[in-house]
Every structure is written in structure tokens, then in C-alpha cells.
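The structure file coords-v2.cif is reproduced below (mmCIF, C-alpha atoms).
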```
data_model
loop_
_atom_site.group_PDB
_atom_site.id
_atom_site.type_symbol
_atom_site.label_atom_id
_atom_site.label_comp_id
_atom_site.auth_asym_id
_atom_site.auth_seq_id
_atom_site.Cartn_x
_atom_site.Cartn_y
_atom_site.Cartn_z
ATOM 1 C CA MET G 1 0.000 0.000 0.000
ATOM 2 C CA SER G 2 2.721 2.442 1.000
ATOM 3 C CA GLU G 3 4.709 1.578 -2.132
ATOM 4 C CA THR G 4 1.666 2.370 -4.273
ATOM 5 C CA LEU G 5 1.204 5.739 -2.584
ATOM 6 C CA ILE G 6 4.872 6.549 -3.063
ATOM 7 C CA THR G 7 4.651 5.611 -6.749
ATOM 8 C CA VAL G 8 1.556 7.781 -7.244
ATOM 9 C CA ARG G 9 3.220 10.730 -5.534
ATOM 10 C CA LEU G 10 6.345 10.301 -7.640
ATOM 11 C CA ASP G 11 4.231 10.189 -10.791
ATOM 12 C CA GLU G 12 2.370 13.331 -9.731
ATOM 13 C CA ASN G 13 5.641 15.089 -8.975
ATOM 14 C CA HIS G 14 7.018 13.999 -12.329
ATOM 15 C CA ARG G 15 3.964 15.406 -14.157
ATOM 16 C CA GLU G 16 4.196 18.653 -12.209
ATOM 17 C CA ASP G 17 7.904 18.949 -12.993
ATOM 18 C CA GLY G 18 7.165 18.289 -16.668
ATOM 19 C CA LEU G 19 4.434 20.934 -16.784
ATOM 20 C CA GLY G 20 6.707 23.365 -14.982
ATOM 21 C CA ALA G 21 9.483 22.778 -17.494
ATOM 22 C CA ILE G 22 7.100 23.345 -20.415
ATOM 23 C CA ALA G 23 5.822 26.552 -18.802
ATOM 24 C CA SER G 24 9.382 27.795 -18.369
ATOM 25 C CA LEU G 25 10.251 27.012 -21.985
ATOM 26 C CA ASP G 26 7.081 28.746 -23.197
ATOM 27 C CA ALA G 27 7.823 31.796 -21.046
ATOM 28 C CA LEU G 28 11.300 32.021 -22.546
ATOM 29 C CA LEU G 29 9.904 31.572 -26.047
ATOM 30 C CA VAL G 30 7.374 34.356 -25.491
ATOM 31 C CA GLU G 31 10.156 36.695 -24.339
ATOM 32 C CA ARG G 32 12.170 35.901 -27.439
ATOM 33 C CA LEU G 33 9.129 36.402 -29.670
ATOM 34 C CA LYS G 34 8.436 39.770 -28.091
ATOM 35 C CA ALA G 35 12.077 40.697 -28.703
ATOM 36 C CA GLY G 36 11.563 39.914 -32.386
ATOM 37 C CA GLU G 37 14.065 37.068 -32.620
ATOM 38 C CA GLU G 38 13.740 35.316 -35.961
ATOM 39 C CA GLU G 39 14.797 31.953 -34.521
ATOM 40 C CA ALA G 40 11.992 32.207 -31.970
ATOM 41 C CA TYR G 41 9.438 32.426 -34.764
ATOM 42 C CA GLU G 42 10.968 29.344 -36.377
ATOM 43 C CA THR G 43 10.803 27.516 -33.030
ATOM 44 C CA LEU G 44 7.142 28.452 -32.614
ATOM 45 C CA LEU G 45 6.290 27.212 -36.101
ATOM 46 C CA GLY G 46 8.238 24.014 -35.575
ATOM 47 C CA ARG G 47 6.356 23.310 -32.351
ATOM 48 C CA TYR G 48 2.819 24.319 -33.298
ATOM 49 C CA GLN G 49 2.446 24.525 -37.083
ATOM 50 C CA GLN G 50 1.526 20.878 -37.656
ATOM 51 C CA PRO G 51 -0.823 20.518 -34.642
ATOM 52 C CA ILE G 52 -2.628 23.741 -35.553
ATOM 53 C CA TYR G 53 -2.979 22.658 -39.167
ATOM 54 C CA ASN G 54 -4.430 19.325 -38.035
ATOM 55 C CA LEU G 55 -6.921 21.117 -35.795
ATOM 56 C CA CYS G 56 -7.950 23.544 -38.546
ATOM 57 C CA TYR G 57 -8.283 20.698 -41.029
ATOM 58 C CA ARG G 58 -10.665 18.882 -38.696
ATOM 59 C CA LEU G 59 -12.710 22.026 -38.141
ATOM 60 C CA VAL G 60 -13.003 23.173 -41.769
ATOM 61 C CA ASN G 61 -12.501 19.758 -43.453
ATOM 62 C CA ASP G 62 -10.626 21.079 -46.465
ATOM 63 C CA PRO G 63 -6.814 20.942 -46.794
ATOM 64 C CA SER G 64 -6.481 24.173 -48.774
ATOM 65 C CA ASP G 65 -8.801 26.081 -46.437
ATOM 66 C CA ALA G 66 -6.998 24.606 -43.441
ATOM 67 C CA ALA G 67 -3.682 25.879 -44.800
ATOM 68 C CA ASP G 68 -5.181 29.355 -45.267
ATOM 69 C CA VAL G 69 -6.634 29.378 -41.762
ATOM 70 C CA THR G 70 -3.332 28.132 -40.312
ATOM 71 C CA GLN G 71 -1.492 30.954 -42.011
ATOM 72 C CA ASP G 72 -3.996 33.462 -40.612
ATOM 73 C CA VAL G 73 -3.561 31.959 -37.134
ATOM 74 C CA PHE G 74 0.192 32.460 -37.058
ATOM 75 C CA LEU G 75 -0.042 35.918 -38.584
ATOM 76 C CA LYS G 76 -2.382 36.840 -35.732
ATOM 77 C CA VAL G 77 -0.068 35.191 -33.188
ATOM 78 C CA PHE G 78 2.929 37.126 -34.464
ATOM 79 C CA ARG G 79 1.016 40.418 -34.519
ATOM 80 C CA SER G 80 -0.558 39.885 -31.094
ATOM 81 C CA ILE G 81 2.329 38.379 -29.139
ATOM 82 C CA ASP G 82 3.071 41.699 -27.421
ATOM 83 C CA HIS G 83 -0.413 41.553 -25.894
ATOM 84 C CA PHE G 84 0.076 38.038 -24.493
ATOM 85 C CA ARG G 85 0.103 38.386 -20.690
ATOM 86 C CA GLY G 86 0.470 34.760 -19.673
ATOM 87 C CA GLN G 87 -3.021 34.451 -18.203
ATOM 88 C CA SER G 88 -3.254 31.150 -20.086
ATOM 89 C CA THR G 89 -0.601 28.841 -21.470
ATOM 90 C CA LEU G 90 0.961 29.654 -24.819
ATOM 91 C CA LYS G 91 -0.563 26.461 -26.233
ATOM 92 C CA THR G 92 -4.147 27.190 -25.210
ATOM 93 C CA TRP G 93 -3.776 30.813 -26.358
ATOM 94 C CA ILE G 94 -2.705 29.673 -29.837
ATOM 95 C CA TYR G 95 -5.410 26.983 -29.960
ATOM 96 C CA ARG G 96 -8.021 29.578 -28.970
ATOM 97 C CA ILE G 97 -6.947 31.772 -31.878
ATOM 98 C CA ALA G 98 -7.095 28.740 -34.184
ATOM 99 C CA VAL G 99 -10.628 27.752 -33.140
ATOM 100 C CA ASN G 100 -11.830 31.339 -33.536
ATOM 101 C CA GLU G 101 -10.213 31.696 -36.966
ATOM 102 C CA ALA G 102 -11.736 28.408 -38.100
ATOM 103 C CA TYR G 103 -15.162 29.559 -36.864
ATOM 104 C CA ASN G 104 -14.737 32.874 -38.691
ATOM 105 C CA HIS G 105 -13.793 31.042 -41.867
ATOM 106 C CA ARG G 106 -16.823 28.767 -41.670
ATOM 107 C CA ARG G 107 -19.137 31.720 -41.014
ATOM 108 C CA TRP G 108 -17.683 33.581 -43.979
ATOM 109 C CA PHE G 109 -17.966 30.521 -46.190
ATOM 110 C CA SER G 110 -21.594 29.979 -45.202
ATOM 111 C CA ARG G 111 -22.403 33.554 -46.279
ATOM 112 C CA HIS G 112 -20.395 33.601 -49.486
ATOM 113 C CA ARG G 113 -20.450 30.869 -52.073
ATOM 114 C CA ARG G 114 -16.922 30.537 -53.323
ATOM 115 C CA GLN G 115 -16.549 31.256 -57.025
ATOM 116 C CA GLU G 116 -13.101 30.031 -57.819
ATOM 117 C CA VAL G 117 -11.692 28.977 -61.172
ATOM 118 C CA GLY G 118 -8.868 26.467 -61.196
ATOM 119 C CA LEU G 119 -5.714 27.886 -62.766
ATOM 120 C CA GLU G 120 -2.680 26.043 -64.010
ATOM 121 C CA GLU G 121 -0.428 28.475 -62.180
ATOM 122 C CA GLU G 122 -1.050 28.501 -58.444
ATOM 123 C CA ASP G 123 -0.448 31.443 -56.203
ATOM 124 C CA GLN G 124 3.238 31.096 -55.410
ATOM 125 C CA SER G 125 2.828 32.723 -51.997
ATOM 126 C CA SER G 126 0.690 29.801 -50.799
ATOM 127 C CA ARG G 127 3.118 27.077 -51.791
ATOM 128 C CA PRO G 128 5.521 27.244 -48.842
ATOM 129 C CA TRP G 129 2.635 26.590 -46.430
ATOM 130 C CA LEU G 130 1.063 23.821 -48.490
ATOM 131 C CA GLU G 131 4.397 22.130 -49.083
ATOM 132 C CA SER G 132 5.710 22.433 -45.520
ATOM 133 C CA ILE G 133 2.555 21.070 -43.863
ATOM 134 C CA SER G 134 2.363 17.313 -44.108
ATOM 135 C CA ASP G 135 -0.725 15.451 -45.220
ATOM 136 C CA PRO G 136 -3.403 15.388 -42.452
ATOM 137 C CA ALA G 137 -3.586 11.595 -42.740
ATOM 138 C CA ARG G 138 -0.086 11.312 -41.288
ATOM 139 C CA ASP G 139 -0.750 12.162 -37.651
ATOM 140 C CA PRO G 140 -1.145 9.378 -35.012
ATOM 141 C CA TYR G 141 -4.946 9.491 -34.996
ATOM 142 C CA GLU G 142 -5.254 9.013 -38.759
ATOM 143 C CA LEU G 143 -2.641 6.276 -38.720
ATOM 144 C CA ALA G 144 -4.773 4.383 -36.179
ATOM 145 C CA LEU G 145 -7.805 4.327 -38.472
ATOM 146 C CA ASN G 146 -8.187 3.389 -42.086
ATOM 147 C CA GLU G 147 -8.793 6.184 -44.567
ATOM 148 C CA GLU G 148 -12.390 5.229 -45.308
ATOM 149 C CA ARG G 149 -13.406 5.250 -41.640
ATOM 150 C CA LEU G 150 -11.573 8.538 -41.060
ATOM 151 C CA GLN G 151 -13.392 10.183 -43.942
ATOM 152 C CA LEU G 152 -16.693 8.924 -42.556
ATOM 153 C CA ILE G 153 -15.975 10.402 -39.118
ATOM 154 C CA GLY G 154 -14.868 13.688 -40.684
ATOM 155 C CA THR G 155 -18.048 13.831 -42.732
ATOM 156 C CA CYS G 156 -20.206 13.058 -39.706
ATOM 157 C CA LEU G 157 -18.424 15.652 -37.571
ATOM 158 C CA ARG G 158 -19.594 18.299 -40.041
ATOM 159 C CA GLU G 159 -23.181 17.308 -39.286
ATOM 160 C CA ILE G 160 -23.124 18.108 -35.570
ATOM 161 C CA ASN G 161 -23.374 21.449 -33.769
ATOM 162 C CA ALA G 162 -20.192 23.510 -34.240
ATOM 163 C CA ASP G 163 -19.740 24.049 -30.481
ATOM 164 C CA PHE G 164 -20.091 20.328 -29.780
ATOM 165 C CA ARG G 165 -17.770 19.502 -32.678
ATOM 166 C CA ALA G 166 -14.980 21.701 -31.320
ATOM 167 C CA ALA G 167 -15.252 20.173 -27.842
ATOM 168 C CA VAL G 168 -15.171 16.601 -29.184
ATOM 169 C CA ILE G 169 -12.214 17.338 -31.471
ATOM 170 C CA LEU G 170 -10.203 19.002 -28.701
ATOM 171 C CA ARG G 171 -10.892 16.165 -26.259
ATOM 172 C CA ASP G 172 -10.951 13.010 -28.368
ATOM 173 C CA LEU G 173 -8.587 13.952 -31.192
ATOM 174 C CA GLU G 174 -6.307 16.597 -29.696
ATOM 175 C CA GLU G 175 -6.411 14.828 -26.296
ATOM 176 C CA MET G 176 -6.581 18.073 -24.324
ATOM 177 C CA SER G 177 -7.533 18.167 -20.660
ATOM 178 C CA TYR G 178 -10.875 19.642 -19.608
ATOM 179 C CA GLU G 179 -9.039 22.622 -18.145
ATOM 180 C CA GLU G 180 -7.235 23.277 -21.414
ATOM 181 C CA ILE G 181 -10.459 22.991 -23.404
ATOM 182 C CA ALA G 182 -12.186 25.397 -21.016
ATOM 183 C CA ASP G 183 -9.342 27.862 -21.575
ATOM 184 C CA VAL G 184 -9.377 27.452 -25.350
ATOM 185 C CA LEU G 185 -13.155 27.813 -25.688
ATOM 186 C CA GLN G 186 -13.516 30.290 -22.799
ATOM 187 C CA ILE G 187 -16.254 28.282 -21.104
ATOM 188 C CA SER G 188 -16.693 26.600 -17.710
ATOM 189 C CA LEU G 189 -15.575 23.048 -16.933
ATOM 190 C CA GLY G 190 -19.201 21.995 -16.560
ATOM 191 C CA THR G 191 -20.005 23.342 -20.020
ATOM 192 C CA VAL G 192 -16.957 21.566 -21.459
ATOM 193 C CA LYS G 193 -18.140 18.203 -20.107
ATOM 194 C CA SER G 194 -21.696 18.837 -21.255
ATOM 195 C CA ARG G 195 -20.590 19.702 -24.799
ATOM 196 C CA ILE G 196 -18.366 16.632 -24.989
ATOM 197 C CA LEU G 197 -21.188 14.343 -23.869
ATOM 198 C CA ARG G 198 -23.738 15.913 -26.198
ATOM 199 C CA GLY G 199 -21.242 16.066 -29.047
ATOM 200 C CA ARG G 200 -20.324 12.386 -28.692
ATOM 201 C CA GLU G 201 -23.979 11.407 -28.594
ATOM 202 C CA SER G 202 -24.766 13.542 -31.660
ATOM 203 C CA LEU G 203 -21.830 12.062 -33.524
ATOM 204 C CA ARG G 204 -22.838 8.539 -32.480
ATOM 205 C CA ARG G 205 -26.321 9.080 -33.885
ATOM 206 C CA VAL G 206 -24.981 10.436 -37.177
ATOM 207 C CA LEU G 207 -22.555 7.529 -37.464
ATOM 208 C CA ALA G 208 -25.311 5.041 -36.582
ATOM 209 C CA ALA G 209 -27.376 6.340 -39.487
ATOM 210 C CA GLN G 210 -24.614 5.341 -41.893
ATOM 211 C CA MET G 211 -23.204 2.224 -40.319
ATOM 212 C CA ASP G 212 -23.866 -0.530 -37.821
ATOM 213 C CA PRO G 213 -24.957 1.081 -34.478
ATOM 214 C CA GLN G 214 -22.565 -1.137 -32.545
ATOM 215 C CA ALA G 215 -19.674 -0.046 -34.746
ATOM 216 C CA ALA G 216 -20.791 3.573 -34.472
ATOM 217 C CA GLY G 217 -20.520 3.445 -30.701
ATOM 218 C CA SER G 218 -17.072 1.886 -30.728
ATOM 219 C CA GLY G 219 -15.067 4.813 -32.062
ATOM 220 C CA LEU G 220 -13.849 7.952 -30.304
ATOM 221 C CA GLY G 221 -15.249 6.837 -26.963
ATOM 222 C CA LEU G 222 -18.741 7.630 -28.219
ATOM 223 C CA VAL G 223 -20.673 5.166 -26.087
ATOM 224 C CA PRO G 224 -23.018 7.280 -23.939
ATOM 225 C CA GLY G 225 -21.906 7.502 -20.350
ATOM 226 C CA ALA G 226 -19.589 9.411 -18.068
ATOM 227 C CA VAL G 227 -17.115 11.757 -19.706
ATOM 228 C CA LYS G 228 -13.607 10.357 -19.458
#
```
What is this structure when it is put down as C-alpha cells?
Amino acid sequence: MSETLITVRLDENHREDGLGAIASLDALLVERLKAGEEEAYETLLGRYQQPIYNLCYRLVNDPSDAADVTQDVFLKVFRSIDHFRGQSTLKTWIYRIAVNEAYNHRRWFSRHRRQEVGLEEEDQSSRPWLESISDPARDPYELALNEERLQLIGTCLREINADFRAAVILRDLEEMSYEEIADVLQISLGTVKSRILRGRESLRRVLAAQMDPQAAGSGLGLVPGAVK
């Protein structure tokens, strides 16, 4: 019994030390960003560019749009870094900007039907982003599921309430804690848990309409019950 308690306390101390180290590194990175160090911007992109692209891709469900939104996110981060006061972590601050930018993009798209003509020559300014961001199917979540099932889940996610969708994505795909999600979405912990439960149930119903109900409940922890 005592050995178990000691192990638990050591694990808790280890997690706290790890979080403290990350906070220290982020604080140093913010200072360097505010000082305008070019290498700091490269470090920020190296750490967050791919995760933010993945998040935007899941929210807007289009690789080109996701690249555009990702670019807008980091432009806003770079322009707003002087106003960052450390009231949240650097990660949740950036994720909050990403969710808001994705929402803004979806609202704009719903009001304006895109009238684009494919051209043989692409806009050269967009190529560095599209070429440097790897295919969304390469992250650990996509590698765990086959492409057909992933596309089905992505399609079904589009069918549920946008607020529920964001909560489910942040919890089940981004694997954020409830506290982090509350910070990103600027809502209470109770609301976070409620949105996750309702989002999972909505997604389960949409999936069940297209596939075996038992199979629909097996993915993403979608079986109704306590939030985990």
C-alpha cells in the first residue's frame, strides 16, 4: 500500500515537474518572440504549425482552407504576441486563436459561395505553407484508423453542432484536458463536459445512421456515459 502511494506521488511530482518545465520554456519563447528574434518564430512554427494545421483541417474539413486558416492563425499570433500576458498557457492561447479563426472562416464561407476557377499556375505565396505542412492523414490518430473510416468520421463531424464539434475534437482527437479545453473555448468546466457528452452522442447518432450502431458506438469513446 505504501509503495503504491509513493509511486503515485512520484508520478504526480514527475507530471508537475514536466508541466513546470514546459511553462518555463514557453515563457522564454514568449520573451524571445516579443524581442523579435527570428529563430523564436521558427521555433514556434516548428512546435505548433503541424498541430494547428491538423486542428484547422478537422474544423473546416478542407486541406487548402486549413492551410489558409493556419497561415492566418500564425499571422495573428505574431502580430498579437506583445499583448500576451500569460493568463493562459501559450498552447491554449494559440489553440483559442485557431478555433476562432476556423469559426470565422466557416461563417464567412456559409455567407459567401466561393466562385473560384482552377488555374494552371497557383499562387506562389501559398506554396511554402502547403508544401511544408504534411498530409493530415499522417498524424497518429489518422494512422490508427483506415482512410475510409476517417473520412466517414470527418463527414459526420460536419453534421453536428459547431460548439459540440470543437469540444469533441479538442478532447478526443487533440487529447486536451478539460481545463485546457475550457481555456481554449472560454467556457466553464461543466459546459466543457456537457458539450463533450452531447457532441459524442450527436456524432454517435450520425454515425449510426450510416453504419452498424454497434460499430458507431465503438469509435472515439462515443458510447453514452460518463465523460472520461
> Quick one, how far is atom CA of Cys156 of chain G from atom CA of Asn100 of chain G?
Replying inline: 21.0 Å
> Residues at most 10 Å from Asp65 of chain G, counting only C-alpha atoms, excluding those fewer than 2 positions away in the same chain, as number ranges by chain?
Replying inline: G: 53, 56-57, 60-63, 67-71, 102, 105-106
> Which residue out of G:Val99, G:Leu59, G:Ile94, G:Leu173 has the minimum interatomic distance to Ile160 of chain G when all atoms listed in the file are used?
Replying inline: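 Among the listed residues, the smallest separation from Ile160 of chain G belongs to G:Leu59.
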> What is the atom CA of Gln87 of chain G-atom CA of Tyr178 of chain G distance in Å, reported with one decimal?
Replying inline: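 Going from atom CA of Gln87 of chain G over to atom CA of Tyr178 of chain G covers 16.8 Å.
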> What is the atom CA of Ser64 of chain G to atom CA of Thr89 of chain G distance in Å?
Replying inline: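 Taking atom CA of Ser64 of chain G as the start and atom CA of Thr89 of chain G as the end point, the length is 28.3 Å.
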>> When you count only C-alpha atoms, which of these residues is closest to Met211 of chain G: G:Leu189, G:Arg149, G:Ile169, G:Gly154?
In response: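 Among G:Leu189, G:Arg149, G:Ile169, G:Gly154, it is G:Arg149 that comes nearest to Met211 of chain G.
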